[in-house]
Structure formats: structure tokens, C-alpha cells
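Note: the block below is model13.csv and it holds CSV, C-alpha atoms.
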```
chain,number,residue,atom,x,y,z
V,1,MET,CA,50.0,8.7,-22.8
V,2,PRO,CA,46.7,10.3,-23.8
V,3,SER,CA,44.0,8.2,-25.4
V,4,ASP,CA,42.5,9.0,-28.7
V,5,ARG,CA,39.0,9.6,-27.3
V,6,ALA,CA,37.2,12.3,-29.2
V,7,PRO,CA,34.3,14.3,-27.7
V,8,ASP,CA,32.1,12.2,-30.0
V,9,SER,CA,32.7,9.2,-27.7
V,10,LEU,CA,31.5,11.4,-24.7
V,11,VAL,CA,28.5,12.4,-26.7
V,12,SER,CA,27.5,8.9,-27.5
V,13,ALA,CA,28.2,7.7,-24.0
V,14,TRP,CA,26.0,10.5,-22.8
V,15,GLN,CA,23.1,9.9,-25.1
V,16,GLU,CA,23.2,6.1,-24.7
V,17,GLN,CA,23.2,6.0,-20.9
V,18,PRO,CA,20.2,4.1,-19.6
V,19,THR,CA,17.2,5.9,-18.2
V,20,SER,CA,14.2,4.7,-16.2
V,21,GLY,CA,11.4,6.4,-18.0
V,22,PHE,CA,10.5,8.4,-15.0
V,23,ARG,CA,6.8,9.2,-14.5
V,24,PRO,CA,5.5,10.6,-11.2
V,25,VAL,CA,2.9,8.7,-9.2
V,26,PRO,CA,-0.3,10.6,-8.3
V,27,ALA,CA,0.0,11.8,-4.7
V,28,ASP,CA,-3.1,9.9,-3.4
V,29,PHE,CA,-1.6,6.6,-4.7
V,30,ALA,CA,1.8,7.5,-3.4
V,31,LYS,CA,0.3,8.1,0.0
V,32,LYS,CA,-1.1,4.6,0.0
V,33,ILE,CA,2.2,3.1,-0.9
V,34,ARG,CA,4.0,5.1,1.7
V,35,ARG,CA,1.5,4.1,4.4
V,36,ASP,CA,2.0,0.5,3.4
V,37,VAL,CA,5.8,0.8,3.5
V,38,ARG,CA,5.7,2.4,7.0
V,39,ALA,CA,3.2,-0.2,8.2
V,40,SER,CA,5.5,-3.0,6.9
V,41,ARG,CA,8.4,-1.4,8.7
V,42,TRP,CA,6.5,-1.4,12.0
V,43,GLY,CA,5.3,-4.9,11.3
V,44,PHE,CA,8.9,-6.1,10.9
V,45,TRP,CA,9.9,-4.8,14.3
V,46,ILE,CA,6.8,-6.1,16.0
V,47,PHE,CA,7.3,-9.6,14.5
V,48,LEU,CA,11.0,-9.4,15.4
V,49,ALA,CA,10.1,-8.6,19.1
V,50,LEU,CA,7.5,-11.4,19.1
V,51,PHE,CA,9.9,-13.9,17.6
V,52,ALA,CA,12.6,-12.9,20.1
V,53,VAL,CA,10.3,-13.6,23.0
V,54,MET,CA,9.3,-17.0,21.5
V,55,ALA,CA,13.0,-17.9,21.0
V,56,ILE,CA,13.9,-16.9,24.6
V,57,TRP,CA,10.9,-18.9,25.9
V,58,ALA,CA,11.9,-22.0,23.9
V,59,GLY,CA,15.6,-21.6,24.9
V,60,ALA,CA,14.8,-21.3,28.6
V,61,ASN,CA,12.6,-24.4,28.3
V,62,LEU,CA,15.2,-26.3,26.4
V,63,LEU,CA,17.7,-25.7,29.2
V,64,ALA,CA,15.3,-26.7,31.9
V,65,GLU,CA,13.8,-29.7,30.1
V,66,ALA,CA,14.9,-33.2,30.8
V,67,ASP,CA,12.6,-35.1,28.5
V,68,PRO,CA,14.4,-35.8,25.2
V,69,LEU,CA,11.2,-35.6,23.1
V,70,ARG,CA,10.2,-32.3,24.6
V,71,ARG,CA,13.7,-31.0,24.1
V,72,VAL,CA,13.3,-31.8,20.4
V,73,GLY,CA,10.1,-29.8,20.4
V,74,HIS,CA,11.9,-26.8,21.9
V,75,VAL,CA,14.7,-27.1,19.4
V,76,LEU,CA,12.2,-27.1,16.5
V,77,ALA,CA,10.5,-24.1,18.0
V,78,ILE,CA,13.8,-22.2,18.0
V,79,LEU,CA,14.5,-23.3,14.4
V,80,SER,CA,11.0,-22.1,13.4
V,81,VAL,CA,11.7,-18.7,14.9
V,82,VAL,CA,15.1,-18.5,13.2
V,83,PHE,CA,13.5,-19.5,9.9
V,84,PHE,CA,10.7,-16.9,10.2
V,85,ILE,CA,13.2,-14.2,11.0
V,86,GLY,CA,15.2,-15.2,8.0
V,87,GLN,CA,12.1,-14.9,5.8
V,88,ILE,CA,11.2,-11.4,6.9
V,89,LEU,CA,14.9,-10.3,6.6
V,90,VAL,CA,14.8,-11.6,3.0
V,91,LEU,CA,11.7,-9.6,2.3
V,92,ARG,CA,13.2,-6.5,4.0
V,93,ARG,CA,16.3,-6.8,1.9
V,94,ARG,CA,14.3,-7.1,-1.3
V,95,VAL,CA,12.2,-4.0,-0.7
V,96,ARG,CA,15.1,-1.9,0.8
V,97,ALA,CA,16.3,-0.5,-2.5
V,98,VAL,CA,12.9,0.9,-3.5
V,99,ARG,CA,11.8,1.7,0.1
V,100,PHE,CA,14.1,4.8,0.2
V,101,ASP,CA,12.8,6.0,-3.2
V,102,ILE,CA,9.2,5.7,-1.8
V,103,LEU,CA,9.8,7.3,1.6
V,104,ARG,CA,12.4,9.9,0.9
V,105,THR,CA,11.2,11.5,-2.3
V,106,THR,CA,8.3,13.9,-2.8
V,107,SER,CA,6.9,11.4,-5.3
V,108,PRO,CA,8.1,7.9,-6.0
V,109,SER,CA,8.4,7.0,-9.6
V,110,LEU,CA,6.0,4.5,-11.2
V,111,ALA,CA,8.9,2.1,-11.5
V,112,ALA,CA,9.7,2.3,-7.7
V,113,ALA,CA,6.0,1.9,-6.8
V,114,ARG,CA,5.7,-1.1,-9.1
V,115,ALA,CA,8.9,-2.7,-7.9
V,116,TYR,CA,7.7,-2.5,-4.3
V,117,LEU,CA,4.3,-3.9,-5.0
V,118,VAL,CA,5.6,-6.7,-7.2
V,119,THR,CA,8.1,-7.7,-4.5
V,120,ARG,CA,5.4,-7.7,-1.8
V,121,ARG,CA,2.9,-9.6,-3.9
V,122,ALA,CA,5.5,-12.3,-4.8
V,123,PHE,CA,6.4,-12.7,-1.1
V,124,HIS,CA,2.8,-13.2,-0.1
V,125,ARG,CA,1.8,-15.6,-2.8
V,126,GLY,CA,5.1,-17.4,-3.4
V,127,ARG,CA,5.1,-21.0,-4.6
V,128,TRP,CA,7.0,-21.9,-1.5
V,129,LEU,CA,4.5,-20.4,0.9
V,130,TRP,CA,3.9,-23.6,2.8
V,131,TRP,CA,7.5,-24.4,3.1
V,132,ARG,CA,8.0,-21.1,4.9
V,133,ILE,CA,5.9,-22.3,7.8
V,134,ILE,CA,6.4,-26.0,7.6
V,135,VAL,CA,9.0,-26.0,10.4
V,136,ILE,CA,6.4,-24.8,12.9
V,137,PHE,CA,3.9,-27.7,12.2
V,138,PRO,CA,5.7,-30.4,14.3
V,139,VAL,CA,6.4,-28.2,17.3
V,140,VAL,CA,3.0,-28.4,19.0
V,141,PRO,CA,2.4,-32.2,18.3
V,142,ILE,CA,5.9,-33.1,19.6
V,143,LEU,CA,5.6,-31.0,22.7
V,144,GLY,CA,2.1,-32.2,23.3
V,145,TYR,CA,3.0,-35.9,22.7
V,146,GLY,CA,6.1,-35.5,24.9
V,147,THR,CA,3.9,-34.3,27.7
V,148,LEU,CA,1.0,-36.6,27.3
V,149,ARG,CA,2.5,-39.9,26.1
V,150,ASN,CA,2.1,-41.4,29.6
V,151,GLU,CA,-1.5,-40.3,29.8
V,152,PRO,CA,-3.3,-42.0,26.9
V,153,ASP,CA,-6.7,-40.7,28.0
V,154,ALA,CA,-5.7,-37.1,27.6
V,155,ILE,CA,-4.5,-37.5,24.0
V,156,PRO,CA,-8.0,-37.2,22.4
V,157,ARG,CA,-8.6,-34.0,24.4
V,158,PHE,CA,-5.2,-32.8,23.2
V,159,LEU,CA,-6.0,-33.6,19.6
V,160,TRP,CA,-9.3,-31.7,19.6
V,161,GLY,CA,-8.4,-29.0,22.1
V,162,VAL,CA,-4.9,-28.1,20.8
V,163,MET,CA,-4.0,-29.8,17.6
V,164,VAL,CA,-7.1,-28.9,15.6
V,165,PRO,CA,-7.1,-25.2,16.6
V,166,TRP,CA,-3.3,-25.1,16.0
V,167,VAL,CA,-3.7,-26.4,12.4
V,168,ALA,CA,-6.7,-24.2,11.8
V,169,LEU,CA,-4.7,-21.2,13.0
V,170,ILE,CA,-1.9,-22.0,10.6
V,171,VAL,CA,-4.2,-22.6,7.7
V,172,PHE,CA,-6.0,-19.3,8.6
V,173,ALA,CA,-2.7,-17.4,8.8
V,174,VAL,CA,-1.5,-18.7,5.5
V,175,SER,CA,-4.7,-18.9,3.5
V,176,ILE,CA,-6.5,-15.8,4.7
V,177,VAL,CA,-3.9,-13.3,5.8
V,178,GLN,CA,-1.2,-14.2,3.3
V,179,ARG,CA,-3.4,-14.7,0.3
V,180,GLY,CA,-5.5,-11.8,1.3
V,181,ALA,CA,-2.4,-9.6,1.3
V,182,ALA,CA,-1.3,-11.0,-2.0
V,183,ARG,CA,-4.7,-10.1,-3.5
V,184,ALA,CA,-4.6,-6.6,-2.0
V,185,TYR,CA,-1.2,-6.0,-3.6
V,186,GLU,CA,-2.6,-7.4,-6.8
V,187,ARG,CA,-5.4,-4.8,-6.7
V,188,LEU,CA,-2.9,-2.0,-6.1
V,189,LEU,CA,-0.9,-3.2,-9.1
V,190,ARG,CA,-4.0,-3.1,-11.2
V,191,GLU,CA,-4.6,0.4,-10.0
V,192,LEU,CA,-1.1,1.3,-11.0
V,193,ASP,CA,-1.7,-0.2,-14.4
V,194,ASP,CA,-4.8,1.9,-14.7
V,195,ILE,CA,-2.8,5.0,-13.8
V,196,GLU,CA,-0.2,4.2,-16.4
V,197,ARG,CA,-2.8,3.6,-19.1
V,198,HIS,CA,-5.5,6.1,-18.5
V,199,SER,CA,-5.1,8.7,-15.9
V,200,PRO,CA,-4.8,12.1,-17.4
V,201,ILE,CA,-1.8,14.2,-16.3
V,202,GLU,CA,-4.1,16.6,-14.5
V,203,ARG,CA,-4.7,14.0,-11.8
V,204,PHE,CA,-1.0,13.6,-11.4
V,205,MET,CA,-0.2,17.2,-11.1
V,206,ALA,CA,-3.2,18.5,-9.3
V,207,SER,CA,-2.8,15.9,-6.6
V,208,HIS,CA,0.9,16.7,-6.3
V,209,GLU,CA,0.3,20.4,-5.9
V,210,GLN,CA,-2.1,19.6,-3.1
V,211,TRP,CA,0.4,17.2,-1.6
V,212,LYS,CA,3.2,19.8,-1.7
V,213,GLU,CA,0.9,22.4,-0.2
V,214,ARG,CA,0.1,20.1,2.6
V,215,GLN,CA,3.8,19.4,3.1
V,216,GLY,CA,4.5,23.1,3.3
V,217,ASP,CA,1.8,23.7,5.9
C,1,MET,CA,-1.3,-5.4,4.3
C,2,PRO,CA,-2.2,-2.6,1.8
C,3,HIS,CA,-5.2,-0.3,2.4
C,4,ARG,CA,-8.1,-0.3,0.1
C,5,ASP,CA,-9.8,3.1,0.2
C,6,ARG,CA,-10.2,3.5,-3.5
C,7,PRO,CA,-11.3,1.1,-6.2
C,8,ALA,CA,-9.0,0.2,-9.0
C,9,GLY,CA,-10.8,2.1,-11.8
C,10,GLN,CA,-10.5,5.9,-11.9
C,11,PRO,CA,-12.9,8.1,-13.9
C,12,VAL,CA,-11.0,9.2,-16.9
C,13,ALA,CA,-11.4,12.7,-18.1
C,14,PRO,CA,-10.7,13.6,-21.8
C,15,PRO,CA,-7.1,14.8,-22.1
C,16,THR,CA,-6.6,18.5,-22.6
C,17,SER,CA,-4.2,20.0,-25.2
C,18,GLN,CA,-1.9,20.8,-22.3
C,19,SER,CA,-2.0,17.1,-21.3
C,20,ARG,CA,-1.5,16.0,-24.9
C,21,LEU,CA,1.5,18.3,-25.2
C,22,TYR,CA,2.9,17.0,-21.9
C,23,ASP,CA,2.5,13.4,-23.0
C,24,GLU,CA,4.2,14.3,-26.3
C,25,ALA,CA,7.0,16.1,-24.5
C,26,VAL,CA,7.6,13.2,-22.1
C,27,GLU,CA,7.4,10.6,-24.9
C,28,ALA,CA,10.0,12.5,-27.0
C,29,PHE,CA,12.2,14.1,-24.3
C,30,GLY,CA,11.6,12.1,-21.1
C,31,ALA,CA,15.0,10.4,-21.4
C,32,ALA,CA,16.7,13.7,-22.1
C,33,ILE,CA,15.1,15.2,-19.0
C,34,GLU,CA,16.3,12.3,-16.9
C,35,ARG,CA,19.9,12.7,-18.3
C,36,LEU,CA,19.7,16.4,-17.6
C,37,ALA,CA,18.5,15.8,-14.0
C,38,ARG,CA,21.4,13.4,-13.5
C,39,SER,CA,23.8,16.0,-14.6
C,40,TYR,CA,22.4,18.5,-12.1
C,41,GLU,CA,22.0,16.2,-9.1
C,42,LEU,CA,24.2,13.2,-8.3
C,43,ASP,CA,22.2,12.2,-5.2
C,44,GLU,CA,19.6,9.7,-6.4
C,45,HIS,CA,16.9,10.7,-3.9
C,46,LYS,CA,17.3,14.4,-4.5
C,47,ARG,CA,17.3,13.7,-8.2
C,48,GLN,CA,13.9,12.0,-8.0
C,49,ASP,CA,12.6,15.2,-6.4
C,50,LEU,CA,14.2,17.3,-9.0
C,51,LEU,CA,12.7,15.2,-11.8
C,52,GLN,CA,9.3,15.5,-10.1
C,53,ASN,CA,9.7,19.3,-10.0
C,54,ILE,CA,10.7,19.4,-13.6
C,55,HIS,CA,7.7,17.4,-14.7
C,56,LEU,CA,5.4,19.6,-12.5
C,57,ASN,CA,6.8,22.8,-13.9
C,58,LEU,CA,6.8,21.5,-17.5
C,59,TRP,CA,3.1,20.5,-17.2
C,60,ARG,CA,2.2,23.9,-15.7
C,61,SER,CA,4.2,25.8,-18.4
C,62,LEU,CA,2.6,24.0,-21.3
C,63,ASP,CA,-0.5,25.9,-20.6
C,64,ARG,CA,1.4,28.9,-22.0
C,65,PHE,CA,3.1,27.1,-24.9
C,66,ASP,CA,2.2,29.1,-28.0
C,67,GLY,CA,4.4,27.3,-30.6
C,68,GLN,CA,6.7,30.2,-31.1
C,69,CYS,CA,9.6,27.9,-30.5
C,70,SER,CA,9.8,24.1,-30.9
C,71,LEU,CA,8.6,21.8,-28.1
C,72,ARG,CA,12.1,20.6,-27.6
C,73,THR,CA,13.4,24.1,-27.0
C,74,TRP,CA,10.5,24.7,-24.6
C,75,VAL,CA,11.2,21.5,-22.7
C,76,TYR,CA,14.9,22.2,-22.3
C,77,ARG,CA,14.3,25.7,-21.2
C,78,VAL,CA,11.9,24.7,-18.5
C,79,ALA,CA,14.0,21.8,-17.4
C,80,HIS,CA,17.2,23.9,-17.2
C,81,ASN,CA,15.4,26.7,-15.3
C,82,VAL,CA,14.1,24.3,-12.7
C,83,ALA,CA,17.4,22.5,-12.5
C,84,ALA,CA,19.4,25.8,-12.3
C,85,THR,CA,17.3,26.9,-9.4
C,86,HIS,CA,17.8,23.6,-7.7
C,87,VAL,CA,21.6,23.9,-8.2
C,88,MET,CA,21.6,27.4,-6.7
C,89,ASP,CA,19.6,26.2,-3.7
C,90,GLU,CA,21.9,23.3,-3.2
C,91,ARG,CA,25.0,25.5,-3.6
C,92,ARG,CA,24.0,27.3,-0.4
C,93,ARG,CA,24.3,24.1,1.5
C,94,ARG,CA,27.7,23.1,-0.1
C,95,SER,CA,31.1,24.5,0.5
C,96,ARG,CA,32.6,23.4,-2.9
C,97,PRO,CA,32.4,26.4,-5.3
C,98,LEU,CA,31.1,26.1,-8.8
C,99,VAL,CA,33.4,27.2,-11.6
C,100,GLY,CA,33.0,28.6,-15.1
C,101,LEU,CA,34.2,27.1,-18.3
C,102,ASP,CA,37.1,29.6,-18.5
C,103,ASP,CA,38.3,28.7,-15.1
C,104,PHE,CA,38.3,25.0,-15.7
C,105,GLU,CA,41.7,23.4,-16.3
C,106,VAL,CA,42.3,19.8,-17.1
C,107,ARG,CA,45.5,18.5,-15.7
C,108,ASP,CA,47.1,15.1,-15.8
C,109,ALA,CA,45.9,11.9,-17.4
C,110,GLY,CA,42.9,10.5,-15.5
C,111,ILE,CA,40.8,8.3,-17.8
C,112,GLU,CA,42.6,5.2,-18.9
C,113,PRO,CA,42.4,4.6,-22.7
C,114,ASP,CA,40.4,1.4,-22.1
C,115,ALA,CA,38.1,2.8,-19.4
C,116,ASP,CA,34.6,1.6,-19.9
C,117,ARG,CA,31.6,3.8,-20.5
C,118,GLY,CA,30.5,3.7,-16.8
C,119,VAL,CA,33.9,5.3,-15.8
C,120,LEU,CA,33.7,7.8,-18.6
C,121,LEU,CA,30.2,8.9,-17.7
C,122,SER,CA,31.0,9.0,-14.0
C,123,ARG,CA,34.0,11.3,-14.7
C,124,LEU,CA,31.9,13.4,-17.1
C,125,MET,CA,29.2,13.8,-14.4
C,126,GLU,CA,31.9,15.0,-11.9
C,127,LEU,CA,33.1,17.6,-14.5
C,128,ILE,CA,29.5,18.8,-15.2
C,129,GLU,CA,28.6,19.0,-11.5
C,130,ARG,CA,31.5,21.5,-10.9
C,131,LEU,CA,30.2,23.9,-13.6
C,132,ARG,CA,28.1,27.0,-13.0
C,133,PRO,CA,24.5,26.6,-14.3
C,134,LEU,CA,24.8,28.4,-17.6
C,135,ASP,CA,28.0,26.5,-18.5
C,136,ARG,CA,26.5,23.2,-17.3
C,137,GLU,CA,23.5,24.0,-19.6
C,138,LEU,CA,25.8,24.5,-22.6
C,139,VAL,CA,27.7,21.3,-22.0
C,140,VAL,CA,24.5,19.2,-21.5
C,141,LEU,CA,22.8,20.6,-24.5
C,142,TYR,CA,25.9,20.0,-26.6
C,143,LEU,CA,26.0,16.4,-25.3
C,144,GLU,CA,22.3,16.1,-26.2
C,145,GLY,CA,23.2,16.9,-29.8
C,146,LEU,CA,21.7,20.3,-30.2
C,147,SER,CA,23.2,22.7,-32.8
C,148,ALA,CA,24.6,26.1,-31.7
C,149,ALA,CA,21.5,27.9,-33.1
C,150,GLU,CA,19.2,25.6,-31.1
C,151,ILE,CA,21.3,26.0,-27.9
C,152,ALA,CA,21.1,29.8,-28.4
C,153,GLU,CA,17.4,29.5,-28.6
C,154,VAL,CA,17.1,27.5,-25.4
C,155,VAL,CA,19.6,29.5,-23.4
C,156,GLY,CA,18.5,32.9,-24.6
C,157,ILE,CA,21.9,34.3,-25.5
C,158,SER,CA,23.1,35.4,-28.9
C,159,ALA,CA,24.3,32.7,-31.4
C,160,GLY,CA,27.7,34.4,-31.6
C,161,ASN,CA,28.1,34.2,-27.8
C,162,VAL,CA,27.0,30.5,-27.9
C,163,ALA,CA,29.5,29.8,-30.8
C,164,THR,CA,32.4,31.3,-28.7
C,165,ARG,CA,31.4,29.3,-25.6
C,166,MET,CA,30.8,26.1,-27.6
C,167,GLY,CA,34.4,26.3,-28.8
C,168,ARG,CA,35.5,26.3,-25.2
C,169,VAL,CA,33.1,23.4,-24.4
C,170,LYS,CA,34.4,21.3,-27.2
C,171,LYS,CA,38.0,22.0,-26.2
C,172,LEU,CA,37.3,21.2,-22.6
C,173,LEU,CA,35.5,17.9,-23.5
C,174,SER,CA,38.3,17.0,-26.0
C,175,GLN,CA,40.9,17.6,-23.4
C,176,TYR,CA,38.9,15.8,-20.9
C,177,ALA,CA,38.4,12.8,-23.2
C,178,ASN,CA,42.1,12.7,-24.3
C,179,GLU,CA,43.9,13.8,-21.1
C,180,GLY,CA,41.4,12.8,-18.4
C,181,GLY,CA,39.6,14.7,-15.8
C,182,ARG,CA,40.5,13.1,-12.5
C,183,ASN,CA,42.4,16.2,-11.4
C,184,ALA,CA,40.4,18.8,-13.2
C,185,VAL,CA,40.2,22.0,-11.2
```

Just give me the structure of the file as C-alpha cells.
Amino acid sequence: MPSDRAPDSLVSAWQEQPTSGFRPVPADFAKKIRRDVRASRWGFWIFLALFAVMAIWAGANLLAEADPLRRVGHVLAILSVVFFIGQILVLRRRVRAVRFDILRTTSPSLAAARAYLVTRRAFHRGRWLWWRIIVIFPVVPILGYGTLRNEPDAIPRFLWGVMVPWVALIVFAVSIVQRGAARAYERLLRELDDIERHSPIERFMASHEQWKERQGD
Amino acid sequence: MPHRDRPAGQPVAPPTSQSRLYDEAVEAFGAAIERLARSYELDEHKRQDLLQNIHLNLWRSLDRFDGQCSLRTWVYRVAHNVAATHVMDERRRRSRPLVGLDDFEVRDAGIEPDADRGVLLSRLMELIERLRPLDRELVVLYLEGLSAAEIAEVVGISAGNVATRMGRVKKLLSQYANEGGRNAV
């Protein structure tokens, strides 16, 4: 039974389909974004390898360990690794949709570049930043106390020699690296705002012609 | 960690008339260009490249724009030329042949009466994607709401020829809308 659709319904469906407001990104800016996406991809595999080694180390120690307190420390170390891997997998999933746009097209759209930068910035300056690393905090104290609890004289040395550097390392990792990355993405977003507001089209196109020529070489 | 080899602010040159025209064209017809690119390339990533090429060629061409025709006609001409070249390049890599309006037959019911717009558009895209560039151009321009005279100006064929072909386009779309296009040949 045929429907009573008229071509008008096709015309209106056609004209009212959503569009993204495509505008190309200048090639120099696109190059920066691409470089960042590639670096992040390598970073993911490096972190994954590092975490896998940590998990294997903690797992092997857990099996060999007889002391219950130290076993708890190793279990927490494994949980921290799993938690970290979960975090970077979440980030990877969030940027996946736009990553292809950025890497596989001659020029990513402004929308794709913005989506990527906003996701990265949100990840690095999220409200739950400290929660992401909280699992790792007790690992070293528990392992240290488990080892030294029968040697009270060694505890002060442990506190100053291990615990203080450990906490400093974590604070450094979170406050400097994470917040620094968030600020860097913020700067790129401001640059993108600037491109959208002011950059004349000559810059878009001239840089793209150069980019395409380089691709053809 | 992003790289920082350029400060946020860029020196801003005053826009040329070419740039102003480009901005005007994108403001008024940017969405139409996107719809057109969608009708010529279904693959999302290839479509981004096609869009990029259309914008690049449009900007280049506006240097020669002399106002003999409307900006809309100019934009559609450039966009269709770039897209048609893209289709012909892609065709060499595909085995499925393109067909003309006269060779298109709509058989069997395919679109359910209550099918939503997404389904309708998706089937419409499948139909358009099978057409040869000139016929595709006619269908897309008709869907964009251009009159026969405006289409003739964009496509560069006589108004009479367009009128004849438009009859076929409307019939095809009408059949497609009423009888469905799942099994269109």
C-alpha cells in the first residue's frame, strides 16, 4: 500500500537535515592538533606497557608474599593500575570519534578540532582529578609499614626518604603535569576562538595550499 | 601535552573583497554546501575532504566572480563541479555503475508510510548516490528549492532541457516517496 508522501516531504526532509557549519582549520593549526593526537596515541601505549609491567610486578609479589599487610599493599597496587588503565581508556573512547576526523582528513573541521581540545582539557582539569589517583596513595605507606613495622628505628628514615618524595611526586604529577596540560589545551582553544573570530580566509586557504603541496611532494 | 610554537593571537589582515564574498557565501550557503557534499559522498571522512576542496575552490574562484550571475548560482556551480570531479575519481575505484534518470526504475514498496525522516533521508541519499553527476546535480538543486530557470543557470543547459529533465526528477521523487526506493535499479 503506497503512502501519500509527496516530493514536498522529501524536499523539506532534505532542507531541514542538520548540518555542522563546516569551516576548515588552518593547516598550521591542524598540524599542531594532529601532532597532539599522534603523541597522545603513543602516550596511551607507553602508559599501557608501563602499567602492565607494574601489574605483573605487583601480581608476582602478591603470590610470593606471606605478610598480610604487604599483600594488601600489592592488591592496592594492582587496583591502582586497573583504575589508571580505566581512566585512559575512558579518555581514549571520548576522543575516538573526533580522532579519525583529525587524522584521516586533509583538514579537520573547526568543530572536530574544538571537540578534541575540549575533551582533553576536561580530562586534565576535571573536578575529580584527585580521585583518579587516590588509590595509589596508600600503596607505598602500606608496603613500607608492612616491611618496617618490626624496625621502629627505620620508620623516620622511611618517612623522609620514601614517603615525602612519594607524595611530592604525586603532587608534582597532578599539579604540574596535569594542570599544565589543561592550561596548554586552554591556550589552543583560545587560539581556535581567535581563528574563528578574526583570521581572514587567506590564512586558511594559503596555508592549506601549502599543506596540500607538501602532501603531494 | 600540546605543543606551543605559536602564541594565541594572530596578526589580522584586513579582509579582501574575495574574503568578504567567501564569508558571505559560507554564511548564506554553507549548509547547502554541506548537504550537497553529503549527497555526493556518503563516507564521512572522504566527505570532509570533499568539503575542504569545495571551500578551497570556492575561495579561489571568487577572485573571478564578476556579478554576472548571483552568488548562489556561482556557489552551486563551483560546488557541483568539484563534487562531480570527486564522483568521477571515485567511480574509477568502484564497481557499481552510475545510472541516468531515464534508466532509473522504482520497484516495490520500500519506505513504510510512517518511516521517520532519518530513514527517508537515508534512502534518498542511496538514490542520489546512484545517479550520474548531471542528474544528481538536478535532483540536489531541485531539493534545494531552486526554480527551473535557476537550475538552468547553474547547470549551464537550456531552460527547456531542464524543464524536461525536471519532469522526470519530480516523477522519480514522487514515485520514490509513494512507492519506496529500497529496490530501485

Nearest-residue call for Ala32 of chain C, choices C:Ala149, C:Leu120, C:Leu51, C:Ile128, using all atoms listed in the file: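 Ranked by minimum distance to Ala32 of chain C, first place goes to C:Leu51.
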
Distance cut-off 12 Å, centre (14.1, 26.3, -16.7) in file coordinates, counting all atoms listed in the file: which residues qualify? Return them as an mmCIF file with C-alpha atoms, in the coordinates of the input.
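Writing done, so here's selection_32.cif:
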```cif
data_model
loop_
_atom_site.group_PDB
_atom_site.id
_atom_site.type_symbol
_atom_site.label_atom_id
_atom_site.label_comp_id
_atom_site.auth_asym_id
_atom_site.auth_seq_id
_atom_site.Cartn_x
_atom_site.Cartn_y
_atom_site.Cartn_z
ATOM 1 C CA ILE C 33 15.100 15.200 -19.000
ATOM 2 C CA LEU C 36 19.700 16.400 -17.600
ATOM 3 C CA ALA C 37 18.500 15.800 -14.000
ATOM 4 C CA LEU C 50 14.200 17.300 -9.000
ATOM 5 C CA ASN C 53 9.700 19.300 -10.000
ATOM 6 C CA ILE C 54 10.700 19.400 -13.600
ATOM 7 C CA HIS C 55 7.700 17.400 -14.700
ATOM 8 C CA LEU C 56 5.400 19.600 -12.500
ATOM 9 C CA ASN C 57 6.800 22.800 -13.900
ATOM 10 C CA LEU C 58 6.800 21.500 -17.500
ATOM 11 C CA SER C 61 4.200 25.800 -18.400
ATOM 12 C CA THR C 73 13.400 24.100 -27.000
ATOM 13 C CA TRP C 74 10.500 24.700 -24.600
ATOM 14 C CA VAL C 75 11.200 21.500 -22.700
ATOM 15 C CA TYR C 76 14.900 22.200 -22.300
ATOM 16 C CA ARG C 77 14.300 25.700 -21.200
ATOM 17 C CA VAL C 78 11.900 24.700 -18.500
ATOM 18 C CA ALA C 79 14.000 21.800 -17.400
ATOM 19 C CA HIS C 80 17.200 23.900 -17.200
ATOM 20 C CA ASN C 81 15.400 26.700 -15.300
ATOM 21 C CA VAL C 82 14.100 24.300 -12.700
ATOM 22 C CA ALA C 83 17.400 22.500 -12.500
ATOM 23 C CA ALA C 84 19.400 25.800 -12.300
ATOM 24 C CA THR C 85 17.300 26.900 -9.400
ATOM 25 C CA HIS C 86 17.800 23.600 -7.700
ATOM 26 C CA VAL C 87 21.600 23.900 -8.200
ATOM 27 C CA PRO C 133 24.500 26.600 -14.300
ATOM 28 C CA LEU C 134 24.800 28.400 -17.600
ATOM 29 C CA GLU C 137 23.500 24.000 -19.600
ATOM 30 C CA VAL C 154 17.100 27.500 -25.400
ATOM 31 C CA VAL C 155 19.600 29.500 -23.400
ATOM 32 C CA GLY C 156 18.500 32.900 -24.600
#
```

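Take the candidates V:Ala111, V:Val82, V:Ala154, V:Leu76 and check each one against chain C using only C-alpha atoms; the shortest distance goes to V:Ala111.
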
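You will find atom CA of Leu89 of chain V at 25.6 Å from atom CA of Val72 of chain V.
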
Between atom CA of Leu63 of chain V and atom CA of Gly146 of chain V - distance in Å to one decimal: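 Spanning atom CA of Gly146 of chain V to atom CA of Leu63 of chain V is a straight-line distance of 15.8 Å.
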
Spatial neighbours of Val169 of chain C, max dist 9 Å, all atoms listed in the file, sep filter under 5 positions, as a list in words: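 Non-adjacent residues within range: Leu101, Asp135, Leu138, Val139, Tyr142 and Ser174 of chain C.
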
Computed interatomic separation between atom CA of Tyr176 of chain C and atom CA of Gln17 of chain V (Å): 18.5 Å

Contacts of segment 166-175 of chain V within 10 Å, all atoms listed in the file, excl. fewer than 5 positions in-chain, as an NGL selection string: :V and (124-125 or 129-130 or 132-134 or 136-137 or 140-141 or 159-161 or 180-181)
